[in-house]
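J.: Shown below is the structure under consideration.
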Amino acid sequence: MSMRGPRPSKMVAAASGGFLAGAVSVALAVWGLPNMERPLASPFTVPKPPIPSSTTAQVSEASPVAELRERHLEIPVRGVVRGKLVDSFNDVRDGTRKHEAIDILAPRNTPILAVEDGTIARLFLSKAGGTTIYQFDPAIRYAYYYAHLERYADGLREGNHVQRGQVLGYVGTSGNAPANTPHLHFAIFRLTEKKEWWHGTPIDPYEVLK
């Protein structure tokens, strides 16, 4: 299936400051993101992925969630406590569309972190997601999608190799996020053999990060 733009729902109670609860939940319950238009091809050339070990291949074929859990991915918003994450992957938006992501609430300009080492596959601006990042994992089997950024980190470019915990950008409300509800929309999807940065099978980030 095609990877769609972010579809926020229940927010993750994150960061500091006793952040918006009831009003935010109501606002986001009726607010979602439409399917992303098919994007133009990226000028970034995808490098040839390494051949995974037989053990890794067996685990990932059986359960992508299990494989990713073994990596102990970084929480993508600085200061957020893992135990505060809320699963909204299966929430329905606009009556029919699944969220297929989680939302992590945080003050505007809170640093957004790379969840693991990898490559910046695409920096993309969309009507729904606003300022977004697609990052490939080291083996180019998975893509991590960060959306609604206030801005990118200085110097971030497509094709950059990034390290786990590196600042990629800052929490904001770009795209169709409510102006008074800064947050990160974070999604994970498993790439197809074509390694298209916008196309893959969604995986529940909550099940991976919890």
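A note on labels: chains of the structure tokens are A, B, ... as shown, every chain counts residues from 1, and ligands are counted from 1 in their shown order.
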Using only C-alpha atoms, which protein or nucleic acid residues come within 8 Å of Arg82 (chain A)? Drop anything in the same chain fewer than 6 positions from it, and give the result as JSON, numbers by chain.

T.: {"A": [75, 209, 210]}

J.: Give me the residues within 8 Å of Leu168 (chain A) as an MDAnalysis selection string, counting only C-alpha atoms and dropping any in the same chain fewer than 4 places off.

T.: chainID A and resid 111:114 152:153 156

J.: Can you tell me which residues surround region 185-193 of chain A at a distance of at most 6 Å, considering only C-alpha atoms, apart from same-chain residues fewer than 3 positions away, and format the answer as number ranges by chain?

T.: A: 101-103, 141-147, 200-203

J.: Next, the residues of the selection above should be written as a PDB file, in the first residue's frame with C-alpha atoms.

T.:
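Now in out-v9.pdb:
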```
ATOM      1  CA  ALA A 101       0.950   6.326  13.195  1.00  0.00           C
ATOM      2  CA  ILE A 102       1.269   7.831  16.665  1.00  0.00           C
ATOM      3  CA  ASP A 103       1.261  11.483  17.696  1.00  0.00           C
ATOM      4  CA  ARG A 141      14.240  -2.257   4.938  1.00  0.00           C
ATOM      5  CA  TYR A 142      12.219   0.316   6.869  1.00  0.00           C
ATOM      6  CA  ALA A 143      11.362   4.001   6.623  1.00  0.00           C
ATOM      7  CA  TYR A 144      10.698   6.342   9.549  1.00  0.00           C
ATOM      8  CA  TYR A 145       8.365   9.236   8.858  1.00  0.00           C
ATOM      9  CA  TYR A 146       8.438  12.476  10.876  1.00  0.00           C
ATOM     10  CA  ALA A 147       5.779  15.117  10.148  1.00  0.00           C
ATOM     11  CA  GLY A 200       5.377   0.421   2.143  1.00  0.00           C
ATOM     12  CA  THR A 201       3.472  -1.552   4.760  1.00  0.00           C
ATOM     13  CA  PRO A 202       2.595   0.442   7.902  1.00  0.00           C
ATOM     14  CA  ILE A 203       3.872  -0.869  11.253  1.00  0.00           C
TER      15      ILE A 203
END
```

J.: Please return, as a PDB file with C-alpha atoms, in the first residue's frame, all residues of region 40-170 of chain A that DSSP assigns to strand (DSSP E or B) on the basis of the backbone.

T.:
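The result, written out as selection-v4.pdb:
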```pdb
ATOM      1  CA  VAL A  77      10.971  13.568  20.634  1.00  0.00           C
ATOM      2  CA  VAL A  92     -10.187   5.867  12.226  1.00  0.00           C
ATOM      3  CA  ARG A  93     -10.130   9.333  10.666  1.00  0.00           C
ATOM      4  CA  ARG A  97      -9.083   6.213   7.056  1.00  0.00           C
ATOM      5  CA  LYS A  98      -6.797   4.551   9.580  1.00  0.00           C
ATOM      6  CA  ILE A 102       1.269   7.831  16.665  1.00  0.00           C
ATOM      7  CA  ASP A 103       1.261  11.483  17.696  1.00  0.00           C
ATOM      8  CA  ILE A 104       3.723  12.753  20.262  1.00  0.00           C
ATOM      9  CA  LEU A 105       2.712  15.973  21.932  1.00  0.00           C
ATOM     10  CA  PRO A 111      14.096  18.682  19.191  1.00  0.00           C
ATOM     11  CA  ILE A 112      13.069  15.737  17.036  1.00  0.00           C
ATOM     12  CA  LEU A 113      15.601  12.905  17.119  1.00  0.00           C
ATOM     13  CA  GLY A 118      20.219   5.701   8.773  1.00  0.00           C
ATOM     14  CA  THR A 119      19.922   7.894   5.700  1.00  0.00           C
ATOM     15  CA  ILE A 120      17.687  10.859   4.959  1.00  0.00           C
ATOM     16  CA  ALA A 121      15.741   9.559   1.981  1.00  0.00           C
ATOM     17  CA  ARG A 122      13.535  12.603   1.431  1.00  0.00           C
ATOM     18  CA  LEU A 123      12.745  16.048   2.804  1.00  0.00           C
ATOM     19  CA  PHE A 124       9.219  16.670   1.652  1.00  0.00           C
ATOM     20  CA  LEU A 125       6.628  19.427   1.959  1.00  0.00           C
ATOM     21  CA  SER A 126       2.997  18.330   1.756  1.00  0.00           C
ATOM     22  CA  GLY A 130       3.717  20.034   6.252  1.00  0.00           C
ATOM     23  CA  THR A 131       7.457  19.875   6.753  1.00  0.00           C
ATOM     24  CA  THR A 132       8.345  16.184   6.785  1.00  0.00           C
ATOM     25  CA  ILE A 133      11.280  13.775   6.823  1.00  0.00           C
ATOM     26  CA  TYR A 134      11.574  10.250   5.489  1.00  0.00           C
ATOM     27  CA  GLN A 135      14.535   8.356   6.959  1.00  0.00           C
ATOM     28  CA  PHE A 136      15.685   4.897   5.864  1.00  0.00           C
ATOM     29  CA  TYR A 142      12.219   0.316   6.869  1.00  0.00           C
ATOM     30  CA  ALA A 143      11.362   4.001   6.623  1.00  0.00           C
ATOM     31  CA  TYR A 144      10.698   6.342   9.549  1.00  0.00           C
ATOM     32  CA  TYR A 145       8.365   9.236   8.858  1.00  0.00           C
ATOM     33  CA  TYR A 146       8.438  12.476  10.876  1.00  0.00           C
ATOM     34  CA  ALA A 147       5.779  15.117  10.148  1.00  0.00           C
ATOM     35  CA  HIS A 148       4.417  18.556  11.173  1.00  0.00           C
ATOM     36  CA  LEU A 149       7.914  19.905  11.864  1.00  0.00           C
ATOM     37  CA  GLU A 150       8.412  23.562  12.669  1.00  0.00           C
ATOM     38  CA  ARG A 151      11.644  23.409  10.692  1.00  0.00           C
ATOM     39  CA  TYR A 152      14.535  21.143   9.791  1.00  0.00           C
ATOM     40  CA  HIS A 161      23.791   9.794   6.929  1.00  0.00           C
ATOM     41  CA  VAL A 162      22.419  10.421  10.412  1.00  0.00           C
ATOM     42  CA  VAL A 167      18.550  16.252  15.949  1.00  0.00           C
ATOM     43  CA  LEU A 168      16.667  16.194  12.635  1.00  0.00           C
ATOM     44  CA  GLY A 169      14.269  19.067  13.228  1.00  0.00           C
ATOM     45  CA  TYR A 170      11.865  20.628  15.671  1.00  0.00           C
TER      46      TYR A 170
END
```

J.: Counting only C-alpha atoms, which of A:Gly175, A:Lys195, A:Pro107, A:Ala139 gets nearest to Leu68 (chain A)?

T.: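 Answer, going by the shortest atom-to-atom distance: A:Ala139.
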
J.: Which residue gives the smallest distance to Arg69 (chain A) among A:Asp87, A:Glu100, A:Glu196, A:Glu116, with only C-alpha atoms counted?

T.: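 Nearest candidate to Arg69 (chain A) out of A:Asp87, A:Glu100, A:Glu196, A:Glu116: A:Glu116.
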
J.: Please report the interatomic distance between CA of Gly95 (chain A) and CA of Lys127 (chain A) in Å with one decimal.

T.: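 Atom-to-atom, CA of Gly95 (chain A) to CA of Lys127 (chain A), that is 20.0 Å.
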
J.: Can you work out which one of A:Asp91, A:Asp117, A:Val208, A:Thr96 has the shortest atom-to-atom distance to Pro64 (chain A), counting only C-alpha atoms?

T.: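 Closest candidate: A:Val208.
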
J.: Closest to Asn176 (chain A) among A:Val65, A:Val80, A:Ala128, A:Ile140, using only C-alpha atoms?

T.: A:Ala128

J.: Would you compute the distance between CA of Ser63 (chain A) and CA of Gly83 (chain A)? Give it in Å to one decimal.

T.: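 Taking CA of Ser63 (chain A) and CA of Gly83 (chain A), their separation equals 22.3 Å.
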
J.: So how many Å separate CA of Thr181 (chain A) and CA of Thr110 (chain A), to one decimal?

T.: 12.7 Å

J.: Enumerate as a VMD selection string all residues of region 68-166 of chain A assigned to helix (DSSP H, G or I) by DSSP on the backbone, naming them with the chain letters and numbers the document uses.

T.: chain A and resid 68 to 69 82 to 84
